[in-house]
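Heads up: the structure comes next, in structure tokens.
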Amino acid sequence: MNKVALITGITGQDGSYLAEFLLEKGYEVHGIKRRASLFNTDRIDHIYQDPHIPNPKLILHYGDLADTSNLTRILQQVQPDEVYNLGAMSHVAVSFESPEYTADVDAVGTLRLLEAIRILGLEKKTRFYQASTSELYGLVQEIPQKETTPFYPRSPYAVAKLYAYWITVNYREAYGIYACNGILFNHESSRRGETFVTRKITRALANIAQGLEQTLYLGNMDALRDWGHAKDYVEMQWLMLQQEKPEDFVIATGVQYSVRQFVEVAAAELGIEIAWQGNGVEEKGTVSAVTGDKAPGVVVGQEIVAIDPKYFRPTEVETLLGDPSKAKNKLGWTPKITFAEMVQEMVAKDLDEAKRHALLKAHGYNISISLEK
Ligand code: NDP
Ligand code: GDR
């Protein structure tokens, strides 16, 4: 019998890679998607299966982490061997705007799933993965951060995820559920949400390179992050549920870059060299050199990066750097995609899209691009 997995957040970045990965392993994959006024399954459309075919291996259910009876019913129906709780209001800055909703979905949503497992008597059958986060370390108490580093969350998102972390540990200890936290550091890809800083940068620079946009507005460019690739990280999520006993793991690369460095590397991919002027409050990035034909819309001297204070957060996480030793030793952690390859992939995808838009525009078609300004 093939294993059955249930993924919350299947329409998100990680959910889409994990669904692909589990389907390749022969799993029957169930996913929870939210009702939206527009289709919201872009990231999984390529693996979507017509429910009319016999024995589809990918099955979607409408649901929401804020809805206890819905979650309980889906778990009862699916009887999963593995639950991956990836669903969340996952944007740190937005959590300051919607703290209560974030707590309901990210913290209590996790409790709802664990309670459903318990109420349905699935404690011995269903293994549970919780998408924990390096944001738990917040105001860091130790460098690099590992499984034993004390937490100090710095946003409503991180505080909600702290509850989710501990309720997962508690249900493991109290009821013997095989439940794990993956404390994942930032991971990106060409499927990353457009308002996270990496994708915002690659998308904006690609548009600027094609003359479709003028300026990229950013907040704290000194923030340091340990960025890996989402495709590598979902494999670790699965591996955590295949061990003999449940444990929590840090997943990170052990290498750190600043937001400013990310801008430079992405710009270089487009043949743009950036010179920085100013003092961090009014910092400007101007173009000092352009090479090749990837950036026909840019000229030397052009101001393409600027700071907008609205992107600064009330409390910031300045630096994150993970120590993935435990995952390396116990899970055989081998990330395959380097930072440079990841940026390359993201820029290539966004440049392709920008070129299509530029071509349409050149032929007189009206195009509108959704942007965060
Ligand atoms: P995304 O924001 O790309 O995806 C989040 C998913 O959760 C989407 O499918 C979204 O649905 C869904 N979702 C949001 N609200 C609800 C809700 N109320 N009920 C049900 N589903 C909901 O996040 P990622 O894929 O990047 O991250 C996956 C998980 O890992 C998240 O929990 C995140 O907090 C955590 N994490 C992410 C890291 C990263 O660097 N990417 C690092 C550490 C942890 P919709 O598509 O409809 O919006
Ligand atoms: P983060 O990711 O908060 O680390 O959370 P994000 O990409 O949003 O920010 C990274 C850093 O860049 C700084 N920054 C900006 N961020 C955004 N979004 N937009 C900007 O314009 C901008 N300018 C500078 C931020 O201040 C921050 O320091 C991500 C999410 O995926 C979480 O769900 C996950 O838990 C953590 O990573 C690990």
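Ligands are numbered from 1 in the order shown, residues from 1 within each chain, and chains are lettered A, B, ... in the order they appear in the structure tokens.
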
Surrounding residues as an NGL selection string, ligand 2, max 6 Å, only C-alpha atoms and all ligand atoms
:A and (90-92 or 133-135 or 185-186 or 195-198 or 218-221 or 223 or 259 or 311-312 or 317-318)

Using only C-alpha atoms and all ligand atoms, what are the residues with an atom within 8 Å of ligand 1, set out as a PDB file with N, CA and C atoms, in the first residue's frame?
```pdb
ATOM      1  N   THR A   8      -0.947  20.773   4.403  1.00  0.00           N
ATOM      2  CA  THR A   8      -1.599  22.084   4.472  1.00  0.00           C
ATOM      3  C   THR A   8      -0.628  23.067   3.807  1.00  0.00           C
ATOM      4  N   GLY A   9      -1.169  24.067   3.120  1.00  0.00           N
ATOM      5  CA  GLY A   9      -0.285  25.013   2.420  1.00  0.00           C
ATOM      6  C   GLY A   9       0.272  24.438   1.136  1.00  0.00           C
ATOM      7  N   ILE A  10      -0.476  23.519   0.515  1.00  0.00           N
ATOM      8  CA  ILE A  10       0.025  22.865  -0.716  1.00  0.00           C
ATOM      9  C   ILE A  10       0.158  23.852  -1.873  1.00  0.00           C
ATOM     10  N   THR A  11      -0.589  24.949  -1.820  1.00  0.00           N
ATOM     11  CA  THR A  11      -0.506  25.933  -2.915  1.00  0.00           C
ATOM     12  C   THR A  11       0.660  26.896  -2.738  1.00  0.00           C
ATOM     13  N   GLY A  12       1.392  26.789  -1.636  1.00  0.00           N
ATOM     14  CA  GLY A  12       2.518  27.694  -1.380  1.00  0.00           C
ATOM     15  C   GLY A  12       3.812  27.187  -2.010  1.00  0.00           C
ATOM     16  N   GLN A  13       4.876  27.944  -1.787  1.00  0.00           N
ATOM     17  CA  GLN A  13       6.177  27.561  -2.364  1.00  0.00           C
ATOM     18  C   GLN A  13       6.582  26.145  -1.944  1.00  0.00           C
ATOM     19  N   ASP A  14       6.684  25.915  -0.640  1.00  0.00           N
ATOM     20  CA  ASP A  14       7.158  24.613  -0.159  1.00  0.00           C
ATOM     21  C   ASP A  14       6.168  23.504  -0.487  1.00  0.00           C
ATOM     22  N   GLY A  15       4.873  23.810  -0.320  1.00  0.00           N
ATOM     23  CA  GLY A  15       3.839  22.806  -0.573  1.00  0.00           C
ATOM     24  C   GLY A  15       3.939  22.254  -1.987  1.00  0.00           C
ATOM     25  N   SER A  16       4.240  23.129  -2.932  1.00  0.00           N
ATOM     26  CA  SER A  16       4.296  22.677  -4.328  1.00  0.00           C
ATOM     27  C   SER A  16       5.492  21.753  -4.549  1.00  0.00           C
ATOM     28  N   ILE A  32      -4.685  20.743   1.225  1.00  0.00           N
ATOM     29  CA  ILE A  32      -5.768  21.661   1.600  1.00  0.00           C
ATOM     30  C   ILE A  32      -5.533  22.987   0.903  1.00  0.00           C
ATOM     31  N   LYS A  33      -6.529  23.418   0.129  1.00  0.00           N
ATOM     32  CA  LYS A  33      -6.428  24.733  -0.512  1.00  0.00           C
ATOM     33  C   LYS A  33      -7.549  25.622   0.014  1.00  0.00           C
ATOM     34  N   ARG A  34      -7.249  26.934   0.018  1.00  0.00           N
ATOM     35  CA  ARG A  34      -8.246  27.878   0.506  1.00  0.00           C
ATOM     36  C   ARG A  34      -9.164  28.296  -0.627  1.00  0.00           C
ATOM     37  N   ARG A  35     -10.390  28.604  -0.294  1.00  0.00           N
ATOM     38  CA  ARG A  35     -11.259  29.184  -1.304  1.00  0.00           C
ATOM     39  C   ARG A  35     -10.793  30.628  -1.537  1.00  0.00           C
ATOM     40  N   ALA A  36     -10.614  31.000  -2.800  1.00  0.00           N
ATOM     41  CA  ALA A  36     -10.262  32.378  -3.131  1.00  0.00           C
ATOM     42  C   ALA A  36     -11.122  32.820  -4.299  1.00  0.00           C
ATOM     43  N   ASN A  40      -6.043  29.868  -7.279  1.00  0.00           N
ATOM     44  CA  ASN A  40      -4.826  30.095  -6.483  1.00  0.00           C
ATOM     45  C   ASN A  40      -3.924  28.853  -6.501  1.00  0.00           C
ATOM     46  N   THR A  41      -4.009  28.089  -7.608  1.00  0.00           N
ATOM     47  CA  THR A  41      -3.259  26.828  -7.665  1.00  0.00           C
ATOM     48  C   THR A  41      -2.128  26.879  -8.708  1.00  0.00           C
ATOM     49  N   GLY A  63     -10.325  24.009   2.444  1.00  0.00           N
ATOM     50  CA  GLY A  63     -10.222  24.049   3.892  1.00  0.00           C
ATOM     51  C   GLY A  63      -9.484  25.271   4.375  1.00  0.00           C
ATOM     52  N   ASP A  64      -9.360  25.373   5.679  1.00  0.00           N
ATOM     53  CA  ASP A  64      -8.687  26.527   6.265  1.00  0.00           C
ATOM     54  C   ASP A  64      -8.196  26.147   7.661  1.00  0.00           C
ATOM     55  N   LEU A  65      -7.017  26.605   7.990  1.00  0.00           N
ATOM     56  CA  LEU A  65      -6.449  26.287   9.307  1.00  0.00           C
ATOM     57  C   LEU A  65      -7.222  26.961  10.439  1.00  0.00           C
ATOM     58  N   ALA A  66      -8.106  27.890  10.090  1.00  0.00           N
ATOM     59  CA  ALA A  66      -8.908  28.546  11.117  1.00  0.00           C
ATOM     60  C   ALA A  66     -10.209  27.782  11.389  1.00  0.00           C
ATOM     61  N   ASN A  85       2.390  20.239   8.068  1.00  0.00           N
ATOM     62  CA  ASN A  85       1.679  21.496   8.325  1.00  0.00           C
ATOM     63  C   ASN A  85       2.502  22.683   7.830  1.00  0.00           C
ATOM     64  N   LEU A  86       2.364  22.974   6.541  1.00  0.00           N
ATOM     65  CA  LEU A  86       3.096  24.084   5.916  1.00  0.00           C
ATOM     66  C   LEU A  86       2.227  25.328   5.793  1.00  0.00           C
ATOM     67  N   GLY A  87       0.949  25.198   5.991  1.00  0.00           N
ATOM     68  CA  GLY A  87       0.045  26.340   5.830  1.00  0.00           C
ATOM     69  C   GLY A  87       0.325  27.382   6.898  1.00  0.00           C
ATOM     70  N   ALA A  88       0.349  28.637   6.508  1.00  0.00           N
ATOM     71  CA  ALA A  88       0.556  29.714   7.486  1.00  0.00           C
ATOM     72  C   ALA A  88       0.394  31.066   6.816  1.00  0.00           C
ATOM     73  N   MET A  89       0.080  32.083   7.631  1.00  0.00           N
ATOM     74  CA  MET A  89       0.261  33.461   7.207  1.00  0.00           C
ATOM     75  C   MET A  89       1.759  33.653   7.405  1.00  0.00           C
ATOM     76  N   SER A  90       2.517  33.596   6.330  1.00  0.00           N
ATOM     77  CA  SER A  90       3.966  33.384   6.461  1.00  0.00           C
ATOM     78  C   SER A  90       4.794  34.653   6.290  1.00  0.00           C
ATOM     79  N   HIS A  91       4.145  35.799   6.167  1.00  0.00           N
ATOM     80  CA  HIS A  91       4.908  37.038   5.923  1.00  0.00           C
ATOM     81  C   HIS A  91       5.121  37.801   7.228  1.00  0.00           C
ATOM     82  N   VAL A 105      -4.167  31.342  12.829  1.00  0.00           N
ATOM     83  CA  VAL A 105      -3.807  30.374  11.779  1.00  0.00           C
ATOM     84  C   VAL A 105      -2.494  29.655  12.108  1.00  0.00           C
ATOM     85  N   ASP A 106      -1.471  30.430  12.493  1.00  0.00           N
ATOM     86  CA  ASP A 106      -0.129  29.847  12.644  1.00  0.00           C
ATOM     87  C   ASP A 106       0.039  29.113  13.978  1.00  0.00           C
ATOM     88  N   GLY A 109      -3.956  27.079  14.628  1.00  0.00           N
ATOM     89  CA  GLY A 109      -4.133  26.153  13.504  1.00  0.00           C
ATOM     90  C   GLY A 109      -3.343  24.862  13.721  1.00  0.00           C
ATOM     91  N   GLN A 130       5.878  19.925  11.592  1.00  0.00           N
ATOM     92  CA  GLN A 130       5.525  21.325  11.802  1.00  0.00           C
ATOM     93  C   GLN A 130       6.577  22.236  11.170  1.00  0.00           C
ATOM     94  N   ALA A 131       6.109  23.166  10.327  1.00  0.00           N
ATOM     95  CA  ALA A 131       7.011  24.116   9.658  1.00  0.00           C
ATOM     96  C   ALA A 131       7.433  25.203  10.635  1.00  0.00           C
ATOM     97  N   SER A 132       8.435  24.879  11.445  1.00  0.00           N
ATOM     98  CA  SER A 132       8.986  25.896  12.353  1.00  0.00           C
ATOM     99  C   SER A 132      10.029  26.714  11.610  1.00  0.00           C
ATOM    100  N   THR A 133      10.557  27.720  12.278  1.00  0.00           N
ATOM    101  CA  THR A 133      11.287  28.746  11.539  1.00  0.00           C
ATOM    102  C   THR A 133      12.454  29.340  12.324  1.00  0.00           C
ATOM    103  N   SER A 134      13.457  29.782  11.597  1.00  0.00           N
ATOM    104  CA  SER A 134      14.587  30.481  12.205  1.00  0.00           C
ATOM    105  C   SER A 134      14.150  31.802  12.843  1.00  0.00           C
ATOM    106  N   GLU A 135      12.950  32.294  12.481  1.00  0.00           N
ATOM    107  CA  GLU A 135      12.431  33.515  13.115  1.00  0.00           C
ATOM    108  C   GLU A 135      12.252  33.317  14.623  1.00  0.00           C
ATOM    109  N   LYS A 161       4.503  31.225  15.815  1.00  0.00           N
ATOM    110  CA  LYS A 161       5.251  30.008  15.465  1.00  0.00           C
ATOM    111  C   LYS A 161       5.920  29.390  16.696  1.00  0.00           C
ATOM    112  N   ILE A 183      13.199  23.339  11.982  1.00  0.00           N
ATOM    113  CA  ILE A 183      13.484  24.776  12.184  1.00  0.00           C
ATOM    114  C   ILE A 183      14.234  25.231  10.936  1.00  0.00           C
ATOM    115  N   LEU A 184      13.461  25.664   9.954  1.00  0.00           N
ATOM    116  CA  LEU A 184      14.055  25.959   8.656  1.00  0.00           C
ATOM    117  C   LEU A 184      14.450  27.426   8.542  1.00  0.00           C
ATOM    118  N   PHE A 185      15.653  27.660   8.070  1.00  0.00           N
ATOM    119  CA  PHE A 185      16.102  29.009   7.761  1.00  0.00           C
ATOM    120  C   PHE A 185      15.530  29.380   6.383  1.00  0.00           C
ATOM    121  N   ASN A 186      15.659  30.652   6.025  1.00  0.00           N
ATOM    122  CA  ASN A 186      15.018  31.139   4.786  1.00  0.00           C
ATOM    123  C   ASN A 186      15.357  30.247   3.599  1.00  0.00           C
ATOM    124  N   HIS A 187      14.341  29.919   2.827  1.00  0.00           N
ATOM    125  CA  HIS A 187      14.604  29.182   1.585  1.00  0.00           C
ATOM    126  C   HIS A 187      13.722  29.736   0.482  1.00  0.00           C
ATOM    127  N   GLU A 188      14.316  29.812  -0.668  1.00  0.00           N
ATOM    128  CA  GLU A 188      13.763  30.596  -1.768  1.00  0.00           C
ATOM    129  C   GLU A 188      13.722  29.730  -3.019  1.00  0.00           C
ATOM    130  N   ARG A 191       9.672  29.985  -7.292  1.00  0.00           N
ATOM    131  CA  ARG A 191       8.256  29.948  -6.897  1.00  0.00           C
ATOM    132  C   ARG A 191       8.017  30.762  -5.623  1.00  0.00           C
ATOM    133  N   ARG A 192       9.016  31.462  -5.128  1.00  0.00           N
ATOM    134  CA  ARG A 192       8.877  32.235  -3.899  1.00  0.00           C
ATOM    135  C   ARG A 192       7.817  33.323  -4.074  1.00  0.00           C
ATOM    136  N   GLY A 193       7.043  33.583  -3.017  1.00  0.00           N
ATOM    137  CA  GLY A 193       6.047  34.649  -3.062  1.00  0.00           C
ATOM    138  C   GLY A 193       6.696  35.974  -3.442  1.00  0.00           C
ATOM    139  N   TRP A 227      20.338  31.834   3.314  1.00  0.00           N
ATOM    140  CA  TRP A 227      19.364  31.488   2.274  1.00  0.00           C
ATOM    141  C   TRP A 227      19.705  30.162   1.591  1.00  0.00           C
ATOM    142  N   ALA A 230      14.417  26.006  -1.694  1.00  0.00           N
ATOM    143  CA  ALA A 230      13.236  25.304  -1.178  1.00  0.00           C
ATOM    144  C   ALA A 230      13.203  23.834  -1.605  1.00  0.00           C
TER     145      ALA A 230
END
```

Near Thr168 (chain A), within 8 Å and counting only C-alpha atoms, which residues show up once chain neighbours fewer than 3 positions away are dropped, as JSON, numbers by chain?
{"A": [110, 111, 114, 130, 164, 165, 171, 172, 179, 180, 181]}

For the selection just defined, write its residues with C-alpha atoms to a file, as a compact mmCIF listing (two decimals), in the first residue's frame.
```
# COMPACT_ATOMS: atom_id res chain seq x y z
CA THR A 110 -1.31 23.83 14.53
CA LEU A 111 -3.14 22.92 17.72
CA LEU A 114 -2.78 17.97 16.55
CA GLN A 130 5.52 21.32 11.80
CA ALA A 164 3.22 26.03 17.32
CA TYR A 165 6.74 24.79 18.05
CA TYR A 171 1.78 16.58 21.89
CA ARG A 172 4.82 14.42 21.17
CA ALA A 179 5.71 14.95 15.73
CA CYS A 180 8.75 16.96 14.58
CA ASN A 181 9.70 20.58 14.17
```

When you draw a straight line from CA of Glu123 (chain A) to CA of Gly176 (chain A), how long is it in Å?
6.8 Å

Give me, as an MDAnalysis selection string, the residues of region 154-367 of chain A that a backbone DSSP run labels strand (DSSP E or B).
chainID A and resid 179:184 187:188 216:218 224:225 228:229 249:251 257:258 272:277 284:290 303:307 319 322

Rank A:Ile117, A:Val305, A:Ile167, A:Ala362 by their smallest atom-to-atom distance to Asp81 (chain A), using only C-alpha atoms, and report the top residue only.
A:Ile117

Just asking: which residues within region 202-298 of chain A are alpha helix (DSSP H) according to DSSP, as an MDAnalysis selection string?
chainID A and resid 202:209 230:240 259:269

Let's have the selection written as a JSON list (two decimals), in the first residue's frame, with N, CA and C atoms.
```json
[["chain", "number", "residue", "atom", "x", "y", "z"],
["A", 202, "THR", "N", 14.58, 39.94, -7.46],
["A", 202, "THR", "CA", 14.84, 39.37, -8.80],
["A", 202, "THR", "C", 13.77, 39.81, -9.79],
["A", 203, "ARG", "N", 12.55, 39.93, -9.32],
["A", 203, "ARG", "CA", 11.46, 40.34, -10.21],
["A", 203, "ARG", "C", 11.62, 41.80, -10.62],
["A", 204, "ALA", "N", 11.89, 42.65, -9.63],
["A", 204, "ALA", "CA", 12.00, 44.09, -9.93],
["A", 204, "ALA", "C", 13.20, 44.34, -10.83],
["A", 205, "LEU", "N", 14.34, 43.72, -10.53],
["A", 205, "LEU", "CA", 15.53, 43.97, -11.36],
["A", 205, "LEU", "C", 15.31, 43.47, -12.78],
["A", 206, "ALA", "N", 14.64, 42.36, -12.94],
["A", 206, "ALA", "CA", 14.36, 41.85, -14.29],
["A", 206, "ALA", "C", 13.46, 42.84, -15.04],
["A", 207, "ASN", "N", 12.45, 43.35, -14.35],
["A", 207, "ASN", "CA", 11.57, 44.34, -14.99],
["A", 207, "ASN", "C", 12.32, 45.63, -15.32],
["A", 208, "ILE", "N", 13.18, 46.06, -14.40],
["A", 208, "ILE", "CA", 13.98, 47.27, -14.64],
["A", 208, "ILE", "C", 14.90, 47.04, -15.83],
["A", 209, "ALA", "N", 15.49, 45.86, -15.89],
["A", 209, "ALA", "CA", 16.41, 45.54, -16.99],
["A", 209, "ALA", "C", 15.71, 45.64, -18.34],
["A", 230, "ALA", "N", 14.42, 26.01, -1.69],
["A", 230, "ALA", "CA", 13.24, 25.30, -1.18],
["A", 230, "ALA", "C", 13.20, 23.83, -1.60],
["A", 231, "LYS", "N", 13.68, 23.55, -2.81],
["A", 231, "LYS", "CA", 13.62, 22.17, -3.30],
["A", 231, "LYS", "C", 14.46, 21.25, -2.42],
["A", 232, "ASP", "N", 15.63, 21.73, -2.02],
["A", 232, "ASP", "CA", 16.47, 20.94, -1.11],
["A", 232, "ASP", "C", 15.80, 20.78, 0.25],
["A", 233, "TYR", "N", 15.14, 21.85, 0.71],
["A", 233, "TYR", "CA", 14.63, 21.84, 2.08],
["A", 233, "TYR", "C", 13.41, 20.93, 2.25],
["A", 234, "VAL", "N", 12.58, 20.77, 1.20],
["A", 234, "VAL", "CA", 11.40, 19.90, 1.39],
["A", 234, "VAL", "C", 11.82, 18.44, 1.54],
["A", 235, "GLU", "N", 12.94, 18.09, 0.95],
["A", 235, "GLU", "CA", 13.43, 16.71, 1.12],
["A", 235, "GLU", "C", 13.74, 16.45, 2.60],
["A", 236, "MET", "N", 14.26, 17.48, 3.27],
["A", 236, "MET", "CA", 14.57, 17.34, 4.69],
["A", 236, "MET", "C", 13.29, 17.19, 5.52],
["A", 237, "GLN", "N", 12.22, 17.87, 5.06],
["A", 237, "GLN", "CA", 10.95, 17.76, 5.79],
["A", 237, "GLN", "C", 10.49, 16.30, 5.78],
["A", 238, "TRP", "N", 10.61, 15.68, 4.62],
["A", 238, "TRP", "CA", 10.20, 14.28, 4.49],
["A", 238, "TRP", "C", 11.11, 13.37, 5.33],
["A", 239, "LEU", "N", 12.44, 13.62, 5.22],
["A", 239, "LEU", "CA", 13.40, 12.77, 5.95],
["A", 239, "LEU", "C", 13.14, 12.78, 7.46],
["A", 240, "MET", "N", 12.73, 13.95, 7.96],
["A", 240, "MET", "CA", 12.48, 14.06, 9.41],
["A", 240, "MET", "C", 11.38, 13.10, 9.85],
["A", 259, "VAL", "N", 21.00, 41.53, 2.50],
["A", 259, "VAL", "CA", 20.05, 41.87, 1.45],
["A", 259, "VAL", "C", 20.78, 42.63, 0.35],
["A", 260, "ARG", "N", 21.69, 43.53, 0.76],
["A", 260, "ARG", "CA", 22.46, 44.32, -0.23],
["A", 260, "ARG", "C", 23.27, 43.38, -1.15],
["A", 261, "GLN", "N", 23.90, 42.38, -0.54],
["A", 261, "GLN", "CA", 24.67, 41.42, -1.36],
["A", 261, "GLN", "C", 23.75, 40.66, -2.32],
["A", 262, "PHE", "N", 22.55, 40.33, -1.84],
["A", 262, "PHE", "CA", 21.61, 39.63, -2.73],
["A", 262, "PHE", "C", 21.30, 40.50, -3.94],
["A", 263, "VAL", "N", 21.08, 41.80, -3.69],
["A", 263, "VAL", "CA", 20.81, 42.73, -4.80],
["A", 263, "VAL", "C", 21.98, 42.71, -5.78],
["A", 264, "GLU", "N", 23.19, 42.76, -5.24],
["A", 264, "GLU", "CA", 24.38, 42.82, -6.12],
["A", 264, "GLU", "C", 24.52, 41.56, -6.97],
["A", 265, "VAL", "N", 24.31, 40.40, -6.34],
["A", 265, "VAL", "CA", 24.47, 39.14, -7.07],
["A", 265, "VAL", "C", 23.39, 39.02, -8.16],
["A", 266, "ALA", "N", 22.15, 39.39, -7.80],
["A", 266, "ALA", "CA", 21.06, 39.32, -8.79],
["A", 266, "ALA", "C", 21.30, 40.31, -9.93],
["A", 267, "ALA", "N", 21.76, 41.50, -9.59],
["A", 267, "ALA", "CA", 22.03, 42.52, -10.62],
["A", 267, "ALA", "C", 23.14, 42.03, -11.54],
["A", 268, "ALA", "N", 24.18, 41.44, -10.96],
["A", 268, "ALA", "CA", 25.30, 40.96, -11.76],
["A", 268, "ALA", "C", 24.83, 39.91, -12.76],
["A", 269, "GLU", "N", 23.86, 39.09, -12.36],
["A", 269, "GLU", "CA", 23.29, 38.09, -13.28],
["A", 269, "GLU", "C", 22.70, 38.75, -14.52]]
```

Fewer than 2 positions away in the same chain doesn't count, so skip those; otherwise give me all residues within 7 Å of Leu136 (chain A), counting only C-alpha atoms, as an MDAnalysis selection string.
chainID A and resid 133:134 138 151:153 158 162

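Counting only C-alpha atoms, Ile304 (chain A) has the following residues at most 10 Å away, ignoring those fewer than 6 positions along the same chain: Ala204, Leu205, Ile208, Ala209, Glu213, Gln214, Thr215, Leu216, Tyr217, Ile274, Lys284, Gly285, Thr286, Val287 and Val298 of chain A.
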
Have a look at A:Leu241, A:Val4, A:Ile251, A:Ile369 and name the one nearest to Leu75 (chain A); count only C-alpha atoms.
A:Val4

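Across the model, the gap from CA of Pro144 (chain A) to CA of Lys245 (chain A) is 25.5 Å.
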
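From CA of Tyr175 (chain A) back to CA of Lys124 (chain A), the distance works out to 9.1 Å.
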